[in-house]
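Reproduced below: my_file-v1.csv, with CSV, N, CA and C atoms and all ligand atoms.
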```
chain,number,residue,atom,x,y,z
G,1,MET,N,133.6,106.8,123.0
G,1,MET,CA,132.2,106.8,123.1
G,1,MET,C,131.6,105.4,123.2
G,2,ARG,N,130.7,105.2,124.1
G,2,ARG,CA,130.1,103.9,124.2
G,2,ARG,C,129.1,103.7,123.1
G,3,PRO,N,128.9,102.5,122.5
G,3,PRO,CA,128.1,102.4,121.3
G,3,PRO,C,126.6,102.5,121.7
G,4,TYR,N,126.2,102.4,122.9
G,4,TYR,CA,124.8,102.3,123.3
G,4,TYR,C,124.0,103.5,122.8
G,5,PRO,N,124.4,104.7,123.2
G,5,PRO,CA,123.6,105.9,122.8
G,5,PRO,C,123.4,106.0,121.3
G,6,LEU,N,124.4,105.5,120.5
G,6,LEU,CA,124.3,105.6,119.1
G,6,LEU,C,123.2,104.6,118.6
G,7,VAL,N,123.2,103.4,119.2
G,7,VAL,CA,122.1,102.5,118.8
G,7,VAL,C,120.7,103.0,119.1
G,8,VAL,N,120.6,103.7,120.2
G,8,VAL,CA,119.3,104.3,120.6
G,8,VAL,C,118.9,105.3,119.6
G,9,LEU,N,119.9,106.2,119.2
G,9,LEU,CA,119.6,107.2,118.2
G,9,LEU,C,119.2,106.6,116.9
G,10,VAL,N,119.9,105.6,116.4
G,10,VAL,CA,119.6,105.0,115.1
G,10,VAL,C,118.1,104.4,115.2
G,11,VAL,N,117.8,103.7,116.3
G,11,VAL,CA,116.5,103.1,116.4
G,11,VAL,C,115.4,104.3,116.4
G,12,LEU,N,115.7,105.4,117.1
G,12,LEU,CA,114.7,106.5,117.1
G,12,LEU,C,114.5,107.1,115.7
G,13,LEU,N,115.6,107.2,115.0
G,13,LEU,CA,115.5,107.8,113.6
G,13,LEU,C,114.7,106.9,112.7
G,14,LEU,N,115.0,105.6,112.8
G,14,LEU,CA,114.2,104.6,112.0
G,14,LEU,C,112.7,104.7,112.3
G,15,ALA,N,112.4,104.7,113.6
G,15,ALA,CA,111.0,104.7,114.1
G,15,ALA,C,110.3,106.0,113.5
G,16,SER,N,111.0,107.1,113.5
G,16,SER,CA,110.3,108.3,113.1
G,16,SER,C,110.2,108.4,111.5
G,17,ALA,N,111.1,107.7,110.9
G,17,ALA,CA,111.1,107.6,109.4
G,17,ALA,C,109.9,106.9,108.9
G,18,CYS,N,109.6,105.7,109.6
G,18,CYS,CA,108.4,105.0,109.2
G,18,CYS,C,107.3,105.3,110.3
G,19,ALA,N,106.7,106.5,110.2
G,19,ALA,CA,105.8,106.9,111.3
G,19,ALA,C,104.6,106.1,111.5
G,20,GLY,N,104.4,105.0,110.7
G,20,GLY,CA,103.4,104.1,111.0
G,20,GLY,C,102.0,104.3,110.4
G,21,ALA,N,101.1,103.5,110.9
G,21,ALA,CA,99.7,103.5,110.2
G,21,ALA,C,98.9,104.6,110.8
G,22,PRO,N,97.8,105.0,110.1
G,22,PRO,CA,96.9,106.0,110.6
G,22,PRO,C,96.2,105.4,111.8
G,23,PRO,N,95.8,106.3,112.7
G,23,PRO,CA,95.1,105.8,113.9
G,23,PRO,C,93.8,105.0,113.6
G,24,PRO,N,93.6,103.9,114.3
G,24,PRO,CA,92.4,103.1,114.0
G,24,PRO,C,91.1,103.8,114.3
G,25,VAL,N,90.0,103.4,113.6
G,25,VAL,CA,88.7,103.9,113.8
G,25,VAL,C,88.2,103.3,115.1
G,26,PRO,N,87.6,104.0,116.0
G,26,PRO,CA,87.0,103.4,117.3
G,26,PRO,C,86.1,102.3,116.9
G,27,GLY,N,86.3,101.2,117.7
G,27,GLY,CA,85.4,100.0,117.4
G,27,GLY,C,86.0,99.0,116.4
G,28,ALA,N,87.1,99.4,115.8
G,28,ALA,CA,87.7,98.5,114.8
G,28,ALA,C,88.1,97.2,115.4
G,29,ASP,N,88.5,97.1,116.6
G,29,ASP,CA,88.9,95.9,117.3
G,29,ASP,C,87.7,95.0,117.6
G,30,THR,N,86.5,95.5,117.8
G,30,THR,CA,85.3,94.7,118.1
G,30,THR,C,84.4,94.5,116.9
G,31,GLY,N,84.8,95.1,115.8
G,31,GLY,CA,83.9,94.9,114.6
G,31,GLY,C,82.7,95.9,114.6
G,32,SER,N,82.7,96.9,115.5
G,32,SER,CA,81.5,97.8,115.5
G,32,SER,C,81.9,99.1,114.9
G,33,ALA,N,83.0,99.2,114.2
G,33,ALA,CA,83.4,100.5,113.6
G,33,ALA,C,82.4,101.0,112.5
G,34,ASP,N,82.3,102.3,112.4
G,34,ASP,CA,81.5,102.9,111.3
G,34,ASP,C,82.2,102.6,110.0
G,35,PRO,N,81.6,101.9,109.1
G,35,PRO,CA,82.2,101.5,107.8
G,35,PRO,C,82.7,102.7,107.0
G,36,VAL,N,82.0,103.8,107.1
G,36,VAL,CA,82.3,105.0,106.4
G,36,VAL,C,83.7,105.5,106.9
G,37,LEU,N,83.9,105.5,108.2
G,37,LEU,CA,85.1,105.9,108.8
G,37,LEU,C,86.3,105.0,108.4
G,38,VAL,N,86.0,103.7,108.3
G,38,VAL,CA,87.0,102.7,107.9
G,38,VAL,C,87.4,103.0,106.5
G,39,LEU,N,86.5,103.3,105.6
G,39,LEU,CA,86.8,103.6,104.2
G,39,LEU,C,87.6,104.9,104.2
G,40,GLY,N,87.2,105.9,105.0
G,40,GLY,CA,88.0,107.1,105.1
G,40,GLY,C,89.4,106.9,105.6
G,41,ARG,N,89.6,106.0,106.5
G,41,ARG,CA,91.0,105.8,107.0
G,41,ARG,C,91.8,105.1,105.8
G,42,ASP,N,91.2,104.3,105.0
G,42,ASP,CA,91.9,103.7,103.9
G,42,ASP,C,92.3,104.7,102.9
G,43,VAL,N,91.4,105.6,102.6
G,43,VAL,CA,91.8,106.7,101.6
G,43,VAL,C,92.9,107.6,102.2
G,44,TRP,N,92.7,107.9,103.5
G,44,TRP,CA,93.7,108.7,104.2
G,44,TRP,C,95.1,108.1,104.1
G,45,GLY,N,95.2,106.8,104.4
G,45,GLY,CA,96.5,106.1,104.4
G,45,GLY,C,97.1,106.1,103.0
G,46,ARG,N,96.2,105.9,102.0
G,46,ARG,CA,96.7,105.8,100.6
G,46,ARG,C,97.1,107.2,100.0
G,47,SER,N,96.4,108.2,100.3
G,47,SER,CA,96.5,109.4,99.5
G,47,SER,C,96.8,110.7,100.3
G,48,CYS,N,96.7,110.7,101.6
G,48,CYS,CA,96.9,111.9,102.3
G,48,CYS,C,98.0,111.9,103.3
G,49,ALA,N,98.2,110.7,103.9
G,49,ALA,CA,99.2,110.6,105.0
G,49,ALA,C,100.6,111.0,104.6
G,50,SER,N,100.9,110.8,103.3
G,50,SER,CA,102.3,111.1,102.8
G,50,SER,C,102.6,112.6,103.0
G,51,CYS,N,101.6,113.4,102.9
G,51,CYS,CA,101.9,114.9,103.1
G,51,CYS,C,101.5,115.4,104.4
G,52,HIS,N,100.4,114.8,105.0
G,52,HIS,CA,99.9,115.3,106.3
G,52,HIS,C,100.3,114.5,107.5
G,53,ALA,N,101.1,113.4,107.3
G,53,ALA,CA,101.5,112.5,108.3
G,53,ALA,C,100.4,111.5,108.6
G,54,PRO,N,100.7,110.3,109.0
G,54,PRO,CA,99.6,109.3,109.3
G,54,PRO,C,98.6,109.8,110.3
G,55,ASP,N,99.1,110.5,111.4
G,55,ASP,CA,98.3,111.0,112.4
G,55,ASP,C,97.8,112.4,112.2
G,56,GLY,N,98.0,112.9,111.0
G,56,GLY,CA,97.5,114.3,110.7
G,56,GLY,C,98.3,115.4,111.3
G,57,SER,N,99.5,115.1,111.9
G,57,SER,CA,100.2,116.2,112.6
G,57,SER,C,101.0,117.1,111.6
G,58,GLY,N,101.0,116.7,110.3
G,58,GLY,CA,101.6,117.6,109.3
G,58,GLY,C,103.0,117.2,108.9
G,59,GLY,N,103.4,117.7,107.8
G,59,GLY,CA,104.7,117.4,107.2
G,59,GLY,C,104.8,118.4,106.0
G,60,ARG,N,104.7,117.8,104.8
G,60,ARG,CA,104.8,118.7,103.6
G,60,ARG,C,103.5,119.6,103.6
G,61,GLY,N,102.4,119.0,104.0
G,61,GLY,CA,101.1,119.7,104.2
G,61,GLY,C,101.0,120.1,105.6
G,62,PRO,N,100.1,121.0,105.9
G,62,PRO,CA,99.9,121.5,107.3
G,62,PRO,C,99.2,120.4,108.2
G,63,SER,N,99.3,120.6,109.5
G,63,SER,CA,98.6,119.7,110.4
G,63,SER,C,97.1,119.9,110.2
G,64,ILE,N,96.4,118.8,110.2
G,64,ILE,CA,94.9,118.9,110.0
G,64,ILE,C,94.2,118.4,111.3
G,65,ARG,N,95.0,118.4,112.4
G,65,ARG,CA,94.4,118.2,113.7
G,65,ARG,C,93.4,119.3,114.0
G,66,ALA,N,92.3,118.9,114.6
G,66,ALA,CA,91.2,119.8,114.9
G,66,ALA,C,90.7,120.6,113.7
G,67,VAL,N,90.8,119.9,112.6
G,67,VAL,CA,90.4,120.6,111.3
G,67,VAL,C,88.9,121.0,111.3
G,68,GLU,N,88.1,120.3,112.1
G,68,GLU,CA,86.7,120.7,112.2
G,68,GLU,C,86.5,122.0,112.8
G,69,ASP,N,87.4,122.5,113.6
G,69,ASP,CA,87.3,123.9,114.1
G,69,ASP,C,87.5,125.0,113.1
G,70,ARG,N,88.3,124.6,112.1
G,70,ARG,CA,88.6,125.6,111.0
G,70,ARG,C,87.6,125.6,109.9
G,71,PHE,N,87.0,124.4,109.7
G,71,PHE,CA,85.9,124.2,108.7
G,71,PHE,C,84.6,123.9,109.4
G,72,ILE,N,84.0,124.9,109.9
G,72,ILE,CA,82.7,124.7,110.7
G,72,ILE,C,81.7,124.0,109.8
G,73,ASP,N,81.6,124.5,108.5
G,73,ASP,CA,80.8,123.9,107.5
G,73,ASP,C,81.6,122.8,106.8
G,74,ILE,N,81.2,121.5,106.9
G,74,ILE,CA,81.9,120.4,106.3
G,74,ILE,C,82.0,120.6,104.8
G,75,GLN,N,81.0,121.3,104.2
G,75,GLN,CA,81.1,121.5,102.8
G,75,GLN,C,82.3,122.2,102.3
G,76,ASP,N,82.8,123.2,103.1
G,76,ASP,CA,84.0,124.0,102.7
G,76,ASP,C,85.2,123.0,102.7
G,77,GLN,N,85.3,122.1,103.6
G,77,GLN,CA,86.4,121.1,103.7
G,77,GLN,C,86.3,120.2,102.5
G,78,LEU,N,85.1,119.8,102.2
G,78,LEU,CA,84.9,118.9,101.0
G,78,LEU,C,85.4,119.6,99.8
G,79,THR,N,85.2,120.8,99.6
G,79,THR,CA,85.6,121.6,98.4
G,79,THR,C,87.1,121.6,98.3
G,80,VAL,N,87.8,121.8,99.5
G,80,VAL,CA,89.3,121.9,99.4
G,80,VAL,C,89.8,120.5,99.0
G,81,VAL,N,89.3,119.4,99.5
G,81,VAL,CA,89.8,118.1,99.1
G,81,VAL,C,89.4,117.8,97.7
G,82,GLU,N,88.2,118.2,97.2
G,82,GLU,CA,87.8,117.9,95.8
G,82,GLU,C,88.6,118.7,94.8
G,83,ASP,N,88.8,120.0,95.1
G,83,ASP,CA,89.4,120.9,94.1
G,83,ASP,C,90.9,121.2,94.3
G,84,GLY,N,91.4,120.9,95.5
G,84,GLY,CA,92.7,121.3,95.9
G,84,GLY,C,92.8,122.7,96.2
G,85,ARG,N,94.0,123.1,96.7
G,85,ARG,CA,94.2,124.5,97.1
G,85,ARG,C,95.7,124.7,97.3
G,86,GLY,N,96.3,125.7,96.7
G,86,GLY,CA,97.7,126.0,96.9
G,86,GLY,C,98.5,124.8,96.5
G,87,GLY,N,99.4,124.3,97.4
G,87,GLY,CA,100.2,123.1,97.1
G,87,GLY,C,99.6,121.8,97.2
G,88,MET,N,98.2,121.8,97.4
G,88,MET,CA,97.6,120.5,97.5
G,88,MET,C,96.7,120.2,96.3
G,89,PRO,N,96.9,119.0,95.7
G,89,PRO,CA,96.2,118.6,94.5
G,89,PRO,C,94.7,118.3,94.9
G,90,GLY,N,93.8,118.4,93.9
G,90,GLY,CA,92.5,118.1,94.1
G,90,GLY,C,92.3,116.6,93.9
G,91,PHE,N,91.3,116.0,94.5
G,91,PHE,CA,91.1,114.5,94.4
G,91,PHE,C,89.7,114.2,93.7
G,92,ARG,N,89.1,115.1,93.1
G,92,ARG,CA,87.8,114.9,92.5
G,92,ARG,C,87.8,113.8,91.4
G,93,SER,N,88.9,113.8,90.6
G,93,SER,CA,89.0,112.8,89.5
G,93,SER,C,89.5,111.4,90.0
G,94,ARG,N,90.0,111.4,91.2
G,94,ARG,CA,90.6,110.2,91.7
G,94,ARG,C,89.6,109.4,92.6
G,95,TYR,N,88.8,110.1,93.3
G,95,TYR,CA,87.9,109.5,94.3
G,95,TYR,C,86.4,109.9,94.0
G,96,SER,N,85.5,109.0,94.4
G,96,SER,CA,84.1,109.3,94.3
G,96,SER,C,83.7,110.3,95.4
G,97,THR,N,82.5,110.9,95.3
G,97,THR,CA,82.0,111.8,96.3
G,97,THR,C,81.9,111.1,97.6
G,98,ALA,N,81.5,109.8,97.6
G,98,ALA,CA,81.4,109.1,98.9
G,98,ALA,C,82.7,108.8,99.5
G,99,GLU,N,83.8,108.6,98.7
G,99,GLU,CA,85.1,108.4,99.3
G,99,GLU,C,85.7,109.7,99.8
G,100,ILE,N,85.4,110.8,99.2
G,100,ILE,CA,85.9,112.1,99.7
G,100,ILE,C,85.2,112.4,101.0
G,101,GLU,N,83.9,112.2,101.0
G,101,GLU,CA,83.1,112.4,102.2
G,101,GLU,C,83.7,111.5,103.4
G,102,ALA,N,84.0,110.3,103.0
G,102,ALA,CA,84.5,109.4,104.1
G,102,ALA,C,85.9,109.9,104.6
G,103,VAL,N,86.8,110.3,103.8
G,103,VAL,CA,88.1,110.7,104.3
G,103,VAL,C,87.9,112.0,105.1
G,104,VAL,N,87.0,112.9,104.6
G,104,VAL,CA,86.8,114.2,105.4
G,104,VAL,C,86.2,113.9,106.7
G,105,ARG,N,85.3,112.9,106.8
G,105,ARG,CA,84.7,112.6,108.1
G,105,ARG,C,85.8,111.9,109.0
G,106,TYR,N,86.7,111.1,108.4
G,106,TYR,CA,87.8,110.5,109.2
G,106,TYR,C,88.6,111.6,109.8
G,107,THR,N,89.0,112.6,109.0
G,107,THR,CA,89.8,113.7,109.6
G,107,THR,C,89.1,114.5,110.7
G,108,ARG,N,87.8,114.6,110.6
G,108,ARG,CA,87.1,115.4,111.6
G,108,ARG,C,86.8,114.6,112.8
G,109,GLU,N,86.5,113.3,112.6
G,109,GLU,CA,86.0,112.5,113.8
G,109,GLU,C,87.0,111.6,114.4
G,110,VAL,N,88.1,111.3,113.7
G,110,VAL,CA,89.1,110.3,114.3
G,110,VAL,C,90.4,111.0,114.5
G,111,LEU,N,91.0,111.8,113.6
G,111,LEU,CA,92.3,112.4,113.8
G,111,LEU,C,92.3,113.4,114.9
G,201,LIG,C1,101.2,116.6,97.9
G,201,LIG,C2,100.9,116.8,99.3
G,201,LIG,C3,99.5,116.7,99.7
G,201,LIG,C4,98.6,115.6,99.6
G,201,LIG,C5,98.9,114.3,98.9
G,201,LIG,C6,97.4,116.0,100.3
G,201,LIG,N1,97.5,117.3,100.9
G,201,LIG,FE1,96.1,118.3,101.9
G,201,LIG,N2,97.3,120.0,101.9
G,201,LIG,C7,98.6,120.0,101.3
G,201,LIG,C8,99.0,121.4,101.4
G,201,LIG,C9,100.4,121.9,101.0
G,201,LIG,C10,98.0,122.2,102.0
G,201,LIG,C11,97.9,123.7,102.3
G,201,LIG,C12,97.2,124.3,101.1
G,201,LIG,C13,97.3,125.8,101.1
G,201,LIG,O1,98.3,126.4,101.4
G,201,LIG,O2,96.3,126.4,100.7
G,201,LIG,C14,96.9,121.2,102.3
G,201,LIG,C15,95.7,121.5,102.9
G,201,LIG,C16,94.7,120.6,103.3
G,201,LIG,C17,93.5,121.0,104.0
G,201,LIG,C18,93.2,122.3,104.6
G,201,LIG,C19,93.8,122.5,105.9
G,201,LIG,C20,93.5,123.8,106.6
G,201,LIG,O3,93.5,123.9,107.8
G,201,LIG,O4,93.1,124.8,105.9
G,201,LIG,C21,92.8,119.8,104.2
G,201,LIG,C22,91.5,119.6,104.9
G,201,LIG,C23,93.6,118.7,103.5
G,201,LIG,N3,94.7,119.3,103.0
G,201,LIG,C24,93.2,117.4,103.4
G,201,LIG,C25,93.8,116.5,102.6
G,201,LIG,C26,93.2,115.2,102.4
G,201,LIG,C27,91.9,114.6,102.9
G,201,LIG,C28,94.1,114.5,101.5
G,201,LIG,C29,94.0,113.2,100.9
G,201,LIG,C30,92.7,112.9,100.1
G,201,LIG,C31,95.2,115.5,101.3
G,201,LIG,N4,95.0,116.6,102.0
G,201,LIG,C32,96.3,115.2,100.5
G,201,LIG,C33,99.3,119.0,100.8
G,201,LIG,C34,98.8,117.7,100.5
```
Show this structure as structure tokens.
Amino acid sequence: MRPYPLVVLVVLLLASACAGAPPPVPGADTGSADPVLVLGRDVWGRSCASCHAPDGSGGRGPSIRAVEDRFIDIQDQLTVVEDGRGGMPGFRSRYSTAEIEAVVRYTREVL
């Protein structure tokens, strides 16, 4: 067997193992990004991406892509993140209301 396909395989496995950073907030490159969404991305990267994947496509926790279609009322989504549900811990004691609102807005508006 030629070594080349093996090298490609190893590189692909490494790339998927460190799936990377959460998607940037629009305008981040020009300095015009909504600071609330920037805060939300920070919280997402620190506390949510490990279970839901950096891009929200899911892993240990479900995909939260198009999450705004399942939580028409943002308040219901805030409650899940504050109180937890099933295998997901609540974040009320860890983050302020403003931080939780920021990460929920990030999932609805950027992911
Ligand atoms: C330890 C893993 C874990 C972490 C960390 C985690 N989640 Fe979850 N999350 C889950 C699991 C598991 C579920 C499914 C809960 C259920 O079955 O009811 C879930 C469900 C959700 C849902 C509901 C999805 C839906 O469509 O009903 C949202 C929204 C959510 N998580 C957001 C977040 C946010 C925001 C954070 C970070 C502040 C976070 N999660 C951190 C595991 C996690």
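Atom CA of G:Glu109 sits 8.3 Å away from atom CA of G:Leu37.
The contact shell of ligand LIG 201 (chain G), defined as all polymer residues within 7 Å when only C-alpha atoms and all ligand atoms are used, comprises Val43, Trp44, Ser47, Cys48, Ser50, Cys51, His52, Arg60, Gly61, Pro62, Ile64, Val67, Arg70, Gln77, Val80, Val81, Arg85, Gly86, Gly87, Met88, Pro89, Phe91, Ile100, Val103 and Val104 of chain G.
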- Note on the structure: Counting only C-alpha atoms, closest pick from G:Ile74, G:Val38, G:Glu82, G:Pro22 relative to G:Ser57 is G:Pro22
- Note on the structure: Expressed in Å, the length from atom CA of G:Ser93 to atom CA of G:Leu111 is 24.5 Å
- Excluding stretch 25-27 of chain G and residues on its chain fewer than 2 positions from it, collect all residues at most 10 Å away from it, counting only C-alpha atoms, and give them as a list of chain:residue names.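 These residues fall inside the cut-off: G:Pro22, G:Pro23, G:Asp29, G:Thr30, G:Gly31, G:Ser32, G:Ala33, G:Asp34, G:Pro35, G:Val36, G:Leu37, G:Val38, G:Leu39, G:Gly40, G:Arg41, G:Tyr106, G:Glu109, G:Val110, G:Leu111.
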Those residues with N, CA and C atoms, as a PDB file, in the coordinates of the input please?
```
ATOM      1  N   PRO G  22      97.800 105.000 110.100  1.00  0.00           N
ATOM      2  CA  PRO G  22      96.900 106.000 110.600  1.00  0.00           C
ATOM      3  C   PRO G  22      96.200 105.400 111.800  1.00  0.00           C
ATOM      4  N   PRO G  23      95.800 106.300 112.700  1.00  0.00           N
ATOM      5  CA  PRO G  23      95.100 105.800 113.900  1.00  0.00           C
ATOM      6  C   PRO G  23      93.800 105.000 113.600  1.00  0.00           C
ATOM      7  N   ASP G  29      88.500  97.100 116.600  1.00  0.00           N
ATOM      8  CA  ASP G  29      88.900  95.900 117.300  1.00  0.00           C
ATOM      9  C   ASP G  29      87.700  95.000 117.600  1.00  0.00           C
ATOM     10  N   THR G  30      86.500  95.500 117.800  1.00  0.00           N
ATOM     11  CA  THR G  30      85.300  94.700 118.100  1.00  0.00           C
ATOM     12  C   THR G  30      84.400  94.500 116.900  1.00  0.00           C
ATOM     13  N   GLY G  31      84.800  95.100 115.800  1.00  0.00           N
ATOM     14  CA  GLY G  31      83.900  94.900 114.600  1.00  0.00           C
ATOM     15  C   GLY G  31      82.700  95.900 114.600  1.00  0.00           C
ATOM     16  N   SER G  32      82.700  96.900 115.500  1.00  0.00           N
ATOM     17  CA  SER G  32      81.500  97.800 115.500  1.00  0.00           C
ATOM     18  C   SER G  32      81.900  99.100 114.900  1.00  0.00           C
ATOM     19  N   ALA G  33      83.000  99.200 114.200  1.00  0.00           N
ATOM     20  CA  ALA G  33      83.400 100.500 113.600  1.00  0.00           C
ATOM     21  C   ALA G  33      82.400 101.000 112.500  1.00  0.00           C
ATOM     22  N   ASP G  34      82.300 102.300 112.400  1.00  0.00           N
ATOM     23  CA  ASP G  34      81.500 102.900 111.300  1.00  0.00           C
ATOM     24  C   ASP G  34      82.200 102.600 110.000  1.00  0.00           C
ATOM     25  N   PRO G  35      81.600 101.900 109.100  1.00  0.00           N
ATOM     26  CA  PRO G  35      82.200 101.500 107.800  1.00  0.00           C
ATOM     27  C   PRO G  35      82.700 102.700 107.000  1.00  0.00           C
ATOM     28  N   VAL G  36      82.000 103.800 107.100  1.00  0.00           N
ATOM     29  CA  VAL G  36      82.300 105.000 106.400  1.00  0.00           C
ATOM     30  C   VAL G  36      83.700 105.500 106.900  1.00  0.00           C
ATOM     31  N   LEU G  37      83.900 105.500 108.200  1.00  0.00           N
ATOM     32  CA  LEU G  37      85.100 105.900 108.800  1.00  0.00           C
ATOM     33  C   LEU G  37      86.300 105.000 108.400  1.00  0.00           C
ATOM     34  N   VAL G  38      86.000 103.700 108.300  1.00  0.00           N
ATOM     35  CA  VAL G  38      87.000 102.700 107.900  1.00  0.00           C
ATOM     36  C   VAL G  38      87.400 103.000 106.500  1.00  0.00           C
ATOM     37  N   LEU G  39      86.500 103.300 105.600  1.00  0.00           N
ATOM     38  CA  LEU G  39      86.800 103.600 104.200  1.00  0.00           C
ATOM     39  C   LEU G  39      87.600 104.900 104.200  1.00  0.00           C
ATOM     40  N   GLY G  40      87.200 105.900 105.000  1.00  0.00           N
ATOM     41  CA  GLY G  40      88.000 107.100 105.100  1.00  0.00           C
ATOM     42  C   GLY G  40      89.400 106.900 105.600  1.00  0.00           C
ATOM     43  N   ARG G  41      89.600 106.000 106.500  1.00  0.00           N
ATOM     44  CA  ARG G  41      91.000 105.800 107.000  1.00  0.00           C
ATOM     45  C   ARG G  41      91.800 105.100 105.800  1.00  0.00           C
ATOM     46  N   TYR G 106      86.700 111.100 108.400  1.00  0.00           N
ATOM     47  CA  TYR G 106      87.800 110.500 109.200  1.00  0.00           C
ATOM     48  C   TYR G 106      88.600 111.600 109.800  1.00  0.00           C
ATOM     49  N   GLU G 109      86.500 113.300 112.600  1.00  0.00           N
ATOM     50  CA  GLU G 109      86.000 112.500 113.800  1.00  0.00           C
ATOM     51  C   GLU G 109      87.000 111.600 114.400  1.00  0.00           C
ATOM     52  N   VAL G 110      88.100 111.300 113.700  1.00  0.00           N
ATOM     53  CA  VAL G 110      89.100 110.300 114.300  1.00  0.00           C
ATOM     54  C   VAL G 110      90.400 111.000 114.500  1.00  0.00           C
ATOM     55  N   LEU G 111      91.000 111.800 113.600  1.00  0.00           N
ATOM     56  CA  LEU G 111      92.300 112.400 113.800  1.00  0.00           C
ATOM     57  C   LEU G 111      92.300 113.400 114.900  1.00  0.00           C
TER      58      LEU G 111
END
```
- Counting all atoms listed in the file, the option among G:Glu68, G:Asp73, G:Ala28, G:Ala21 closest to G:Ala53: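 Smallest separation from G:Ala53 among the options: G:Ala21.
With only C-alpha atoms as the atoms that count, the residue of G:Gly20, G:Ile72, G:Tyr95, G:Arg65 with the shortest distance to G:Gly45 is G:Gly20.
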- Which of stretch 2-110 of chain G counts as alpha helix (DSSP H) under DSSP, as a ChimeraX atom specification please? /G:4-17,35-43,49-52,67-70,74-83,97-109
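A straight line drawn from atom C of G:Gly90 to atom N of G:Arg108 is 17.4 Å long.
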